[in-house]
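S.K.: Sharing model.cif here; it has mmCIF, C-alpha atoms.
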```
data_coords
loop_
_atom_site.label_atom_id
_atom_site.label_comp_id
_atom_site.auth_asym_id
_atom_site.auth_seq_id
_atom_site.Cartn_x
_atom_site.Cartn_y
_atom_site.Cartn_z
CA MET A 1 10.01 6.33 24.15
CA LYS A 2 8.13 6.94 20.94
CA VAL A 3 9.18 5.06 17.79
CA SER A 4 8.20 6.56 14.43
CA VAL A 5 8.39 5.63 10.77
CA PHE A 6 8.38 8.45 8.20
CA ILE A 7 8.74 7.05 4.72
CA ALA A 8 7.57 7.20 1.13
CA THR A 9 6.42 4.18 -0.85
CA SER A 10 5.04 3.43 -4.27
CA LEU A 11 1.37 2.45 -4.34
CA ASP A 12 2.50 -1.17 -4.62
CA GLY A 13 4.50 -0.87 -1.40
CA TYR A 14 8.12 -0.43 -2.48
CA ILE A 15 10.44 2.08 -0.82
CA ALA A 16 13.06 1.83 -3.58
CA ARG A 17 13.78 -0.17 -6.68
CA GLN A 18 15.89 -3.29 -6.19
CA ASN A 19 18.99 -1.19 -7.09
CA HIS A 20 17.93 1.41 -4.45
CA ALA A 21 16.86 3.95 -7.11
CA LEU A 22 14.22 6.53 -6.15
CA ASP A 23 13.57 7.92 -9.63
CA TRP A 24 9.91 6.81 -9.46
CA LEU A 25 9.49 9.00 -6.38
CA THR A 26 11.08 12.04 -7.94
CA GLY A 27 9.01 11.38 -11.04
CA ALA A 28 5.89 11.40 -8.91
CA ASN A 29 6.89 14.82 -7.69
CA ASP A 30 7.00 16.56 -11.06
CA GLN A 31 4.38 19.07 -9.98
CA GLN A 32 5.74 19.75 -6.51
CA SER A 33 7.13 23.07 -5.43
CA THR A 34 10.84 22.66 -4.73
CA ASP A 35 10.42 23.60 -1.08
CA GLN A 36 7.75 20.97 -0.40
CA ASP A 37 9.14 18.68 2.29
CA TYR A 38 5.90 16.83 3.14
CA GLY A 39 6.20 17.75 6.80
CA TYR A 40 9.65 16.20 7.17
CA PHE A 41 11.20 19.29 8.76
CA ASP A 42 8.52 19.56 11.45
CA PHE A 43 8.84 15.83 12.06
CA ILE A 44 12.62 15.65 12.29
CA LYS A 45 12.69 18.54 14.79
CA THR A 46 10.96 16.23 17.28
CA VAL A 47 13.37 13.33 16.74
CA ASP A 48 16.28 12.56 19.10
CA VAL A 49 17.73 9.57 17.33
CA LEU A 50 17.55 8.41 13.73
CA VAL A 51 18.12 4.67 13.47
CA MET A 52 18.91 3.29 10.06
CA GLY A 53 20.01 -0.04 8.67
CA ARG A 54 23.41 -0.56 7.16
CA SER A 55 22.19 -0.75 3.57
CA THR A 56 20.14 2.45 3.94
CA PHE A 57 23.17 4.22 5.40
CA ASP A 58 25.42 2.98 2.60
CA VAL A 59 22.98 4.49 0.10
CA VAL A 60 22.25 7.86 1.73
CA VAL A 61 25.85 8.60 2.70
CA LYS A 62 26.63 8.69 -1.03
CA PHE A 63 23.92 11.27 -1.77
CA ASP A 64 25.46 14.54 -2.81
CA GLY A 65 25.44 16.85 0.21
CA TRP A 66 23.92 14.31 2.64
CA LYS A 67 24.50 15.03 6.29
CA PRO A 68 22.86 13.82 9.47
CA PRO A 69 19.80 15.90 10.46
CA GLU A 70 20.65 18.80 12.78
CA ASP A 71 20.41 18.04 16.51
CA THR A 72 19.70 14.38 15.77
CA ARG A 73 21.96 11.50 16.66
CA VAL A 74 22.26 8.87 13.98
CA VAL A 75 22.60 5.21 14.86
CA VAL A 76 23.53 2.77 12.12
CA LEU A 77 22.44 -0.78 12.84
CA THR A 78 25.11 -3.17 11.61
CA HIS A 79 27.09 -6.20 12.64
CA ARG A 80 29.88 -5.42 10.18
CA ASP A 81 32.67 -2.86 10.41
CA LEU A 82 31.63 0.59 9.30
CA ASP A 83 33.91 3.45 8.29
CA ILE A 84 32.15 6.60 9.37
CA PRO A 85 33.22 9.65 7.39
CA GLN A 86 35.45 11.83 9.61
CA GLU A 87 33.13 14.83 9.39
CA PHE A 88 30.25 12.80 10.93
CA ALA A 89 32.30 10.99 13.58
CA GLU A 90 30.66 12.91 16.41
CA CYS A 91 27.02 12.39 15.49
CA ILE A 92 26.98 8.89 14.05
CA ASN A 93 27.17 5.76 16.19
CA VAL A 94 27.13 2.12 15.36
CA MET A 95 24.96 -0.32 17.26
CA SER A 96 23.98 -3.95 16.88
CA GLY A 97 21.57 -6.20 18.69
CA SER A 98 17.83 -6.59 18.90
CA PRO A 99 15.40 -3.69 18.62
CA GLN A 100 14.52 -4.20 22.31
CA THR A 101 18.17 -3.95 23.38
CA MET A 102 18.69 -0.85 21.31
CA ILE A 103 15.57 0.83 22.64
CA ALA A 104 16.66 0.07 26.20
CA GLN A 105 20.13 1.52 25.60
CA LEU A 106 18.88 4.65 23.86
CA GLU A 107 16.19 5.17 26.47
CA ALA A 108 18.81 4.90 29.20
CA ALA A 109 20.75 7.59 27.34
CA GLY A 110 17.74 9.90 27.48
CA ALA A 111 16.29 9.50 23.99
CA GLN A 112 12.55 10.10 23.73
CA HIS A 113 11.74 9.90 20.04
CA LEU A 114 13.27 7.36 17.69
CA TYR A 115 12.91 7.68 13.93
CA ILE A 116 13.58 4.34 12.27
CA ASP A 117 14.45 4.24 8.58
CA GLY A 118 15.07 1.56 5.97
CA GLY A 119 13.06 -1.53 5.09
CA ASN A 120 14.94 -4.03 7.24
CA VAL A 121 14.92 -1.92 10.38
CA ILE A 122 11.26 -0.98 10.01
CA GLN A 123 10.32 -4.63 9.45
CA GLN A 124 12.31 -5.76 12.51
CA PHE A 125 10.65 -3.18 14.75
CA LEU A 126 7.17 -3.91 13.40
CA LYS A 127 7.65 -7.64 13.93
CA GLU A 128 8.35 -6.93 17.61
CA ASP A 129 5.39 -4.52 17.77
CA LEU A 130 7.70 -1.65 18.76
CA VAL A 131 6.37 1.07 16.45
CA ASP A 132 4.03 3.86 17.62
CA ASP A 133 3.62 6.09 14.56
CA LEU A 134 3.72 5.41 10.84
CA ILE A 135 3.68 8.45 8.57
CA ILE A 136 3.46 6.96 5.11
CA SER A 137 3.57 9.00 1.93
CA THR A 138 2.25 6.98 -1.00
CA ALA A 139 3.47 8.04 -4.43
CA PRO A 140 0.87 7.62 -7.21
CA VAL A 141 2.85 5.08 -9.19
CA LEU A 142 3.13 1.30 -9.51
CA ILE A 143 6.72 0.11 -10.05
CA GLY A 144 6.14 -3.66 -10.02
CA SER A 145 9.17 -4.71 -7.97
CA GLY A 146 11.73 -3.36 -5.52
CA ILE A 147 12.53 -3.22 -1.82
CA PRO A 148 9.29 -3.71 0.12
CA LEU A 149 8.27 -1.55 3.08
CA PHE A 150 6.45 -4.36 4.89
CA ALA A 151 7.21 -8.01 5.57
CA GLU A 152 5.86 -10.91 7.62
CA LEU A 153 4.62 -10.26 11.14
CA ASN A 154 4.03 -12.35 14.23
CA ALA A 155 0.50 -10.99 14.54
CA ASP A 156 -1.82 -8.41 12.97
CA ILE A 157 -1.07 -4.80 13.89
CA LYS A 158 -4.18 -2.66 14.13
CA LEU A 159 -3.75 1.02 13.40
CA LYS A 160 -5.72 4.22 13.76
CA VAL A 161 -5.72 6.95 11.16
CA ASN A 162 -4.60 10.18 12.76
CA SER A 163 -4.76 12.30 9.60
CA SER A 164 -4.53 11.96 5.84
CA LYS A 165 -3.92 14.47 3.09
CA VAL A 166 -3.10 14.66 -0.60
CA PHE A 167 -0.28 16.94 -1.72
CA ASP A 168 -0.30 18.75 -5.07
CA SER A 169 2.33 16.31 -6.29
CA GLY A 170 -0.16 13.46 -5.91
CA LEU A 171 1.52 12.04 -2.80
CA THR A 172 -1.04 10.85 -0.26
CA GLN A 173 0.32 11.09 3.27
CA THR A 174 -1.42 9.19 6.04
CA HIS A 175 -0.42 9.29 9.68
CA TYR A 176 -1.18 6.00 11.45
CA THR A 177 -0.77 5.24 15.13
CA THR A 178 -0.65 1.85 16.81
CA ASP A 179 -2.12 0.76 20.13
CA ARG A 180 1.32 -0.09 21.53
CA ARG A 181 1.25 2.50 24.30
CA THR A 182 -2.18 1.43 25.43
CA HIS A 183 -0.95 -2.15 25.60
CA GLN A 184 2.14 -1.15 27.54
CA THR A 185 0.39 0.88 30.17
CA SER A 186 -2.38 -1.64 30.64
CA GLY A 187 -0.04 -4.65 30.54
CA MET B 1 -14.37 0.99 -22.71
CA LYS B 2 -13.43 1.95 -19.19
CA VAL B 3 -11.82 -0.66 -16.92
CA SER B 4 -12.04 -0.12 -13.15
CA VAL B 5 -10.73 -1.71 -10.00
CA PHE B 6 -12.72 -1.22 -6.78
CA ILE B 7 -11.10 -3.12 -3.94
CA ALA B 8 -10.05 -3.05 -0.29
CA THR B 9 -6.55 -3.93 0.90
CA SER B 10 -4.68 -4.05 4.16
CA LEU B 11 -2.03 -1.33 4.57
CA ASP B 12 0.56 -3.95 3.61
CA GLY B 13 -1.22 -4.61 0.33
CA TYR B 14 -3.16 -7.84 0.84
CA ILE B 15 -6.72 -8.28 -0.42
CA ALA B 16 -7.31 -11.41 1.69
CA ARG B 17 -5.44 -13.78 3.94
CA GLN B 18 -3.87 -16.77 2.25
CA ASN B 19 -7.01 -18.78 3.15
CA HIS B 20 -9.18 -16.01 1.57
CA ALA B 21 -10.40 -14.75 4.98
CA LEU B 22 -11.48 -11.11 5.26
CA ASP B 23 -11.77 -10.93 9.05
CA TRP B 24 -9.05 -8.22 9.18
CA LEU B 25 -11.26 -6.05 6.97
CA THR B 26 -14.37 -6.56 9.05
CA GLY B 27 -12.28 -5.89 12.12
CA ALA B 28 -11.16 -2.60 10.64
CA ASN B 29 -14.78 -1.63 10.27
CA ASP B 30 -15.76 -1.97 13.91
CA GLN B 31 -16.82 1.66 14.04
CA GLN B 32 -18.66 1.75 10.74
CA SER B 33 -22.34 2.27 10.42
CA THR B 34 -23.90 -0.86 9.02
CA ASP B 35 -25.13 0.94 5.90
CA GLN B 36 -21.70 2.31 4.99
CA ASP B 37 -20.85 0.87 1.57
CA TYR B 38 -17.82 3.08 0.79
CA GLY B 39 -19.35 4.27 -2.46
CA TYR B 40 -19.81 0.75 -3.84
CA PHE B 41 -23.49 1.22 -4.72
CA ASP B 42 -22.84 4.38 -6.74
CA PHE B 43 -19.91 2.66 -8.41
CA ILE B 44 -21.65 -0.59 -9.32
CA LYS B 45 -24.57 1.31 -10.88
CA THR B 46 -22.15 2.51 -13.60
CA VAL B 47 -20.75 -0.98 -14.30
CA ASP B 48 -21.93 -3.12 -17.24
CA VAL B 49 -19.77 -6.16 -16.66
CA LEU B 50 -18.09 -7.52 -13.56
CA VAL B 51 -15.12 -9.70 -14.46
CA MET B 52 -13.75 -11.94 -11.75
CA GLY B 53 -11.19 -14.70 -11.60
CA ARG B 54 -12.16 -18.26 -10.88
CA SER B 55 -10.78 -18.32 -7.35
CA THR B 56 -12.59 -15.08 -6.45
CA PHE B 57 -15.84 -16.49 -7.83
CA ASP B 58 -15.39 -19.73 -5.90
CA VAL B 59 -15.07 -17.69 -2.70
CA VAL B 60 -17.87 -15.15 -3.18
CA VAL B 61 -20.42 -17.65 -4.48
CA LYS B 62 -20.25 -19.33 -1.06
CA PHE B 63 -21.00 -16.08 0.81
CA ASP B 64 -24.39 -16.28 2.46
CA GLY B 65 -26.84 -14.42 0.25
CA TRP B 66 -24.37 -13.55 -2.49
CA LYS B 67 -25.89 -12.73 -5.83
CA PRO B 68 -24.60 -10.93 -8.90
CA PRO B 69 -25.05 -7.14 -8.73
CA GLU B 70 -28.34 -5.96 -10.25
CA ASP B 71 -28.18 -5.01 -13.94
CA THR B 72 -24.58 -6.20 -14.16
CA ARG B 73 -23.38 -9.14 -16.19
CA VAL B 74 -20.82 -11.29 -14.46
CA VAL B 75 -18.00 -12.91 -16.37
CA VAL B 76 -15.90 -15.54 -14.64
CA LEU B 77 -12.45 -15.95 -16.14
CA THR B 78 -11.49 -19.60 -16.08
CA HIS B 79 -10.05 -22.32 -18.26
CA ARG B 80 -11.65 -25.04 -16.18
CA ASP B 81 -15.24 -26.28 -16.15
CA LEU B 82 -17.53 -24.22 -13.96
CA ASP B 83 -20.90 -25.23 -12.61
CA ILE B 84 -22.94 -22.05 -12.45
CA PRO B 85 -25.74 -22.20 -9.89
CA GLN B 86 -29.04 -22.53 -11.75
CA GLU B 87 -30.45 -19.29 -10.30
CA PHE B 88 -27.55 -17.28 -11.83
CA ALA B 89 -27.46 -19.06 -15.18
CA GLU B 90 -28.78 -16.03 -17.04
CA CYS B 91 -26.41 -13.40 -15.71
CA ILE B 92 -23.14 -15.29 -15.33
CA ASN B 93 -20.93 -16.23 -18.26
CA VAL B 94 -17.62 -17.99 -18.48
CA MET B 95 -14.78 -16.64 -20.60
CA SER B 96 -11.14 -17.48 -21.07
CA GLY B 97 -8.36 -15.88 -23.05
CA SER B 98 -6.23 -12.77 -22.72
CA PRO B 99 -7.49 -9.51 -21.23
CA GLN B 100 -7.26 -7.94 -24.69
CA THR B 101 -9.41 -10.66 -26.26
CA MET B 102 -11.97 -10.36 -23.51
CA ILE B 103 -12.14 -6.58 -23.78
CA ALA B 104 -12.60 -6.83 -27.54
CA GLN B 105 -15.43 -9.37 -27.15
CA LEU B 106 -17.20 -7.43 -24.42
CA GLU B 107 -16.79 -4.15 -26.27
CA ALA B 108 -18.28 -5.75 -29.38
CA ALA B 109 -21.21 -6.80 -27.20
CA GLY B 110 -21.75 -3.18 -26.19
CA ALA B 111 -20.11 -3.08 -22.74
CA GLN B 112 -18.79 0.32 -21.69
CA HIS B 113 -17.60 -0.13 -18.12
CA LEU B 114 -15.76 -3.20 -16.88
CA TYR B 115 -15.22 -3.81 -13.17
CA ILE B 116 -12.41 -6.30 -12.66
CA ASP B 117 -12.12 -8.12 -9.36
CA GLY B 118 -9.68 -10.55 -7.76
CA GLY B 119 -5.89 -10.40 -7.46
CA ASN B 120 -5.05 -12.50 -10.52
CA VAL B 121 -7.39 -10.68 -12.87
CA ILE B 122 -6.35 -7.25 -11.64
CA GLN B 123 -2.67 -8.18 -11.97
CA GLN B 124 -3.17 -9.50 -15.53
CA PHE B 125 -4.97 -6.33 -16.64
CA LEU B 126 -2.41 -4.05 -14.97
CA LYS B 127 0.47 -5.92 -16.60
CA GLU B 128 -1.10 -5.17 -20.00
CA ASP B 129 -1.77 -1.55 -18.96
CA LEU B 130 -5.51 -2.01 -19.47
CA VAL B 131 -6.80 -0.34 -16.30
CA ASP B 132 -8.23 3.18 -16.22
CA ASP B 133 -9.44 3.64 -12.64
CA LEU B 134 -8.30 2.20 -9.32
CA ILE B 135 -10.49 2.90 -6.32
CA ILE B 136 -8.52 1.47 -3.44
CA SER B 137 -9.77 1.36 0.14
CA THR B 138 -6.92 0.80 2.54
CA ALA B 139 -7.82 -0.75 5.88
CA PRO B 140 -5.73 0.51 8.82
CA VAL B 141 -4.19 -2.85 9.64
CA LEU B 142 -1.04 -4.81 8.84
CA ILE B 143 -1.68 -8.53 8.38
CA GLY B 144 1.81 -9.68 7.39
CA SER B 145 0.91 -12.13 4.64
CA GLY B 146 -1.90 -13.04 2.28
CA ILE B 147 -3.03 -12.63 -1.31
CA PRO B 148 -1.38 -9.51 -2.72
CA LEU B 149 -3.23 -6.89 -4.74
CA PHE B 150 -0.25 -6.04 -6.94
CA ALA B 151 2.42 -8.07 -8.73
CA GLU B 152 5.20 -7.58 -11.26
CA LEU B 153 4.66 -5.26 -14.20
CA ASN B 154 6.21 -4.78 -17.61
CA ALA B 155 6.71 -1.07 -16.92
CA ASP B 156 5.89 1.59 -14.32
CA ILE B 157 2.29 2.75 -14.28
CA LYS B 158 1.92 6.42 -13.38
CA LEU B 159 -1.30 7.43 -11.72
CA LYS B 160 -3.16 10.60 -10.83
CA VAL B 161 -5.05 11.05 -7.60
CA ASN B 162 -8.62 11.93 -8.40
CA SER B 163 -9.82 12.09 -4.80
CA SER B 164 -9.02 10.68 -1.38
CA LYS B 165 -10.99 10.47 1.83
CA VAL B 166 -10.94 8.84 5.22
CA PHE B 167 -14.07 7.08 6.47
CA ASP B 168 -15.05 6.95 10.13
CA SER B 169 -14.03 3.28 10.16
CA GLY B 170 -10.44 4.29 9.40
CA LEU B 171 -10.59 3.10 5.80
CA THR B 172 -8.75 5.50 3.49
CA GLN B 173 -10.22 5.43 0.00
CA THR B 174 -8.20 6.89 -2.85
CA HIS B 175 -9.40 7.09 -6.44
CA TYR B 176 -6.50 6.83 -8.91
CA THR B 177 -6.68 7.20 -12.67
CA THR B 178 -4.10 6.11 -15.22
CA ASP B 179 -3.02 7.83 -18.42
CA ARG B 180 -4.19 4.90 -20.56
CA ARG B 181 -6.84 6.83 -22.48
CA THR B 182 -4.43 9.65 -23.25
CA HIS B 183 -1.98 7.08 -24.60
CA GLN B 184 -4.64 5.38 -26.67
CA THR B 185 -6.02 8.49 -28.33
CA SER B 186 -2.57 9.92 -29.00
CA GLY B 187 -1.00 6.63 -30.08
#
```
Show me, as structure tokens, the structure contained in the file I just sent.
M.R.:
Amino acid sequence: MKVSVFIATSLDGYIARQNHALDWLTGANDQQSTDQDYGYFDFIKTVDVLVMGRSTFDVVVKFDGWKPPEDTRVVVLTHRDLDIPQEFAECINVMSGSPQTMIAQLEAAGAQHLYIDGGNVIQQFLKEDLVDDLIISTAPVLIGSGIPLFAELNADIKLKVNSSKVFDSGLTQTHYTTDRRTHQTSG
Amino acid sequence: MKVSVFIATSLDGYIARQNHALDWLTGANDQQSTDQDYGYFDFIKTVDVLVMGRSTFDVVVKFDGWKPPEDTRVVVLTHRDLDIPQEFAECINVMSGSPQTMIAQLEAAGAQHLYIDGGNVIQQFLKEDLVDDLIISTAPVLIGSGIPLFAELNADIKLKVNSSKVFDSGLTQTHYTTDRRTHQTSG
């Protein structure tokens, strides 16, 4: 199974302000055409399961008009009770446990491409070296503090640059891949 | 006077390991040709004064064969006594005081392009919104901890992407500019 990250950060590595605000990201997009999705649509089409942390879910579910991506199961990682809105009951599941356990369960259920979202979840998966692709869009702004994308690791993670481009908005999007698969097949 | 940053970081935003090691950066450059300087030579030719913090100086001065860049004055920012190696006595000065004071003094002495180096110095100048150009080379590696490039700010700093390119080594170099000059001339 492939595990991907697709996320935007400030140049100083924050995915949101401490209060979860994304105004700095919208601000960075002043010049963008309204239909610019930075490749998200093409990406999400290939995803079977979107895994997000509890705090990310609690934020996005309040966005006006938010709904789970079409044809994508959503798994919310949480140890606490979660009230799933009735309209999403069929496509949203709750799971808990380690990244390894979750991958095993989802793989057994036929999933082939996991999209992991939210700082905590991404950091957990990276720490266990379970990420294959990182598509990172860097907004041209320094915000000084907030929720960081990266955290401590058990070991360095070497990456390869697959592609990199600058959008008119000033967002620089770089697609990194890890050596995880190589390790797995040779290990 | 123009103030520039020209620095390499890991993807998770560290300019060195906690012990100042740069092995992760050399590692990222496995594929590079030995004469690849990532535009440093062209950059340094335009610099009048290289300003570095005390801890950066203490590290680089120990590098085998290190010497100040040709035709560039070096200013070491420190409040403590500093023994300057005899051979560099003519091109290295010591200064202390705020970024603003230093800029005023160097400007009065005719300097037109300052290159600031080292995490502390860069963070001090950014906090006072005194940086015009950031040329950041991101190595394709996550190292998990170390000396961070960025720190807290007094306010967001919006940037423009001047150019961005990927080197064969996997280093992504993006040239950002701030709006500082616009602010100054209009303010």
S.K.: Using all atoms listed in the file and a cut-off of 6 Å, which residues of chain B sit close to chain A? Please list them as a PDB file with C-alpha atoms, in the coordinates of the input.
M.R.:
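Done, and the output landed in iface14.pdb:
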```
ATOM      1  CA  PRO B 140      -5.730   0.510   8.820  1.00  0.00           C
ATOM      2  CA  VAL B 141      -4.190  -2.850   9.640  1.00  0.00           C
ATOM      3  CA  LEU B 142      -1.040  -4.810   8.840  1.00  0.00           C
ATOM      4  CA  ILE B 143      -1.680  -8.530   8.380  1.00  0.00           C
ATOM      5  CA  GLY B 144       1.810  -9.680   7.390  1.00  0.00           C
ATOM      6  CA  SER B 145       0.910 -12.130   4.640  1.00  0.00           C
ATOM      7  CA  ALA B 151       2.420  -8.070  -8.730  1.00  0.00           C
ATOM      8  CA  GLU B 152       5.200  -7.580 -11.260  1.00  0.00           C
ATOM      9  CA  LEU B 153       4.660  -5.260 -14.200  1.00  0.00           C
ATOM     10  CA  ASP B 156       5.890   1.590 -14.320  1.00  0.00           C
ATOM     11  CA  ILE B 157       2.290   2.750 -14.280  1.00  0.00           C
ATOM     12  CA  LYS B 158       1.920   6.420 -13.380  1.00  0.00           C
ATOM     13  CA  LEU B 159      -1.300   7.430 -11.720  1.00  0.00           C
ATOM     14  CA  VAL B 161      -5.050  11.050  -7.600  1.00  0.00           C
ATOM     15  CA  GLY B 170     -10.440   4.290   9.400  1.00  0.00           C
TER      16      GLY B 170
END
```
S.K.: Just the residues within 10 Å of Cys91 in chain B, please, counting only C-alpha atoms, with nothing from its chain fewer than 4 positions along; format it as a list in words.
M.R.: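 Answer for this query is Val49, Lys67, Pro68, Pro69, Glu70, Asp71, Thr72, Arg73, Val74, Val75, Ile84 and Glu87 of chain B.
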S.K.: Looking at all atoms listed in the file, which of A:His113, A:His175, A:Arg180, A:Lys62 is the one that sits closest to Met1 in chain A?
M.R.: A:His113
S.K.: Any idea what the distance is between CA of Gly65 in chain B and CA of Gln112 in chain B?
M.R.: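 Computing it gives 27.6 Å between the two atoms.
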S.K.: Check the smallest atom-to-atom distance from each of A:Ile103, A:Tyr40, A:Arg54, A:Gln123 to Asp81 in chain A using all atoms listed in the file, then report the winner.
M.R.: A:Arg54
S.K.: Report the distance between CA of Ala21 in chain B and CA of Val121 in chain B in Å, rounded to one decimal place.
M.R.: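 Between CA of Ala21 in chain B and CA of Val121 in chain B the gap works out to 18.6 Å.
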S.K.: Provide the CA of Val61 in chain B to CA of Thr138 in chain B distance in Å, to one decimal place.
M.R.: 23.9 Å
S.K.: Neighbouring residues of Trp66 in chain B were defined as those with any atom within 12 Å, considering only C-alpha atoms; residues of the same chain fewer than 5 positions away were excluded. Please report them as number ranges by chain.
M.R.: B: 57-61, 85, 87-88
S.K.: Those same residues - C-alpha atoms - I'd like them written as a CSV table (one decimal), in the frame of the given file.
M.R.:
```csv
chain,number,residue,atom,x,y,z
B,57,PHE,CA,-15.8,-16.5,-7.8
B,58,ASP,CA,-15.4,-19.7,-5.9
B,59,VAL,CA,-15.1,-17.7,-2.7
B,60,VAL,CA,-17.9,-15.2,-3.2
B,61,VAL,CA,-20.4,-17.6,-4.5
B,85,PRO,CA,-25.7,-22.2,-9.9
B,87,GLU,CA,-30.4,-19.3,-10.3
B,88,PHE,CA,-27.6,-17.3,-11.8
```
S.K.: Given 3 Å on each side, where is the centre and what are the edge lengths in Å to one decimal of the axis-aligned box enclosing the listed atoms of range 152-164 of chain B, as lines of an AutoDock Vina configuration file?
M.R.:
```
center_x = -1.6
center_y = 2.3
center_z = -9.5
size_x = 22.5
size_y = 25.7
size_z = 22.2
```
S.K.: Rank A:Gly118, A:Tyr38, A:Val3, A:Ile15 by their smallest atom-to-atom distance to Met102 in chain A, using only C-alpha atoms, and report the top residue only.
M.R.: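 The closest residue to Met102 in chain A is A:Val3.
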S.K.: Could you check which of B:Asp48, B:Glu90, B:Asp179, B:Asp37 is closest to Ser137 in chain B, using all atoms listed in the file?
M.R.: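 Of B:Asp48, B:Glu90, B:Asp179, B:Asp37, the one nearest Ser137 in chain B, counting all atoms listed in the file, is B:Asp37.
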S.K.: I need the output of the PyMOL selection byres ((chain A and resi 98) around 12) for this file as an NGL selection string; which residues are they?
M.R.: :A and (77-79 or 95-97 or 99-105 or 121 or 124-125 or 127-128 or 130)
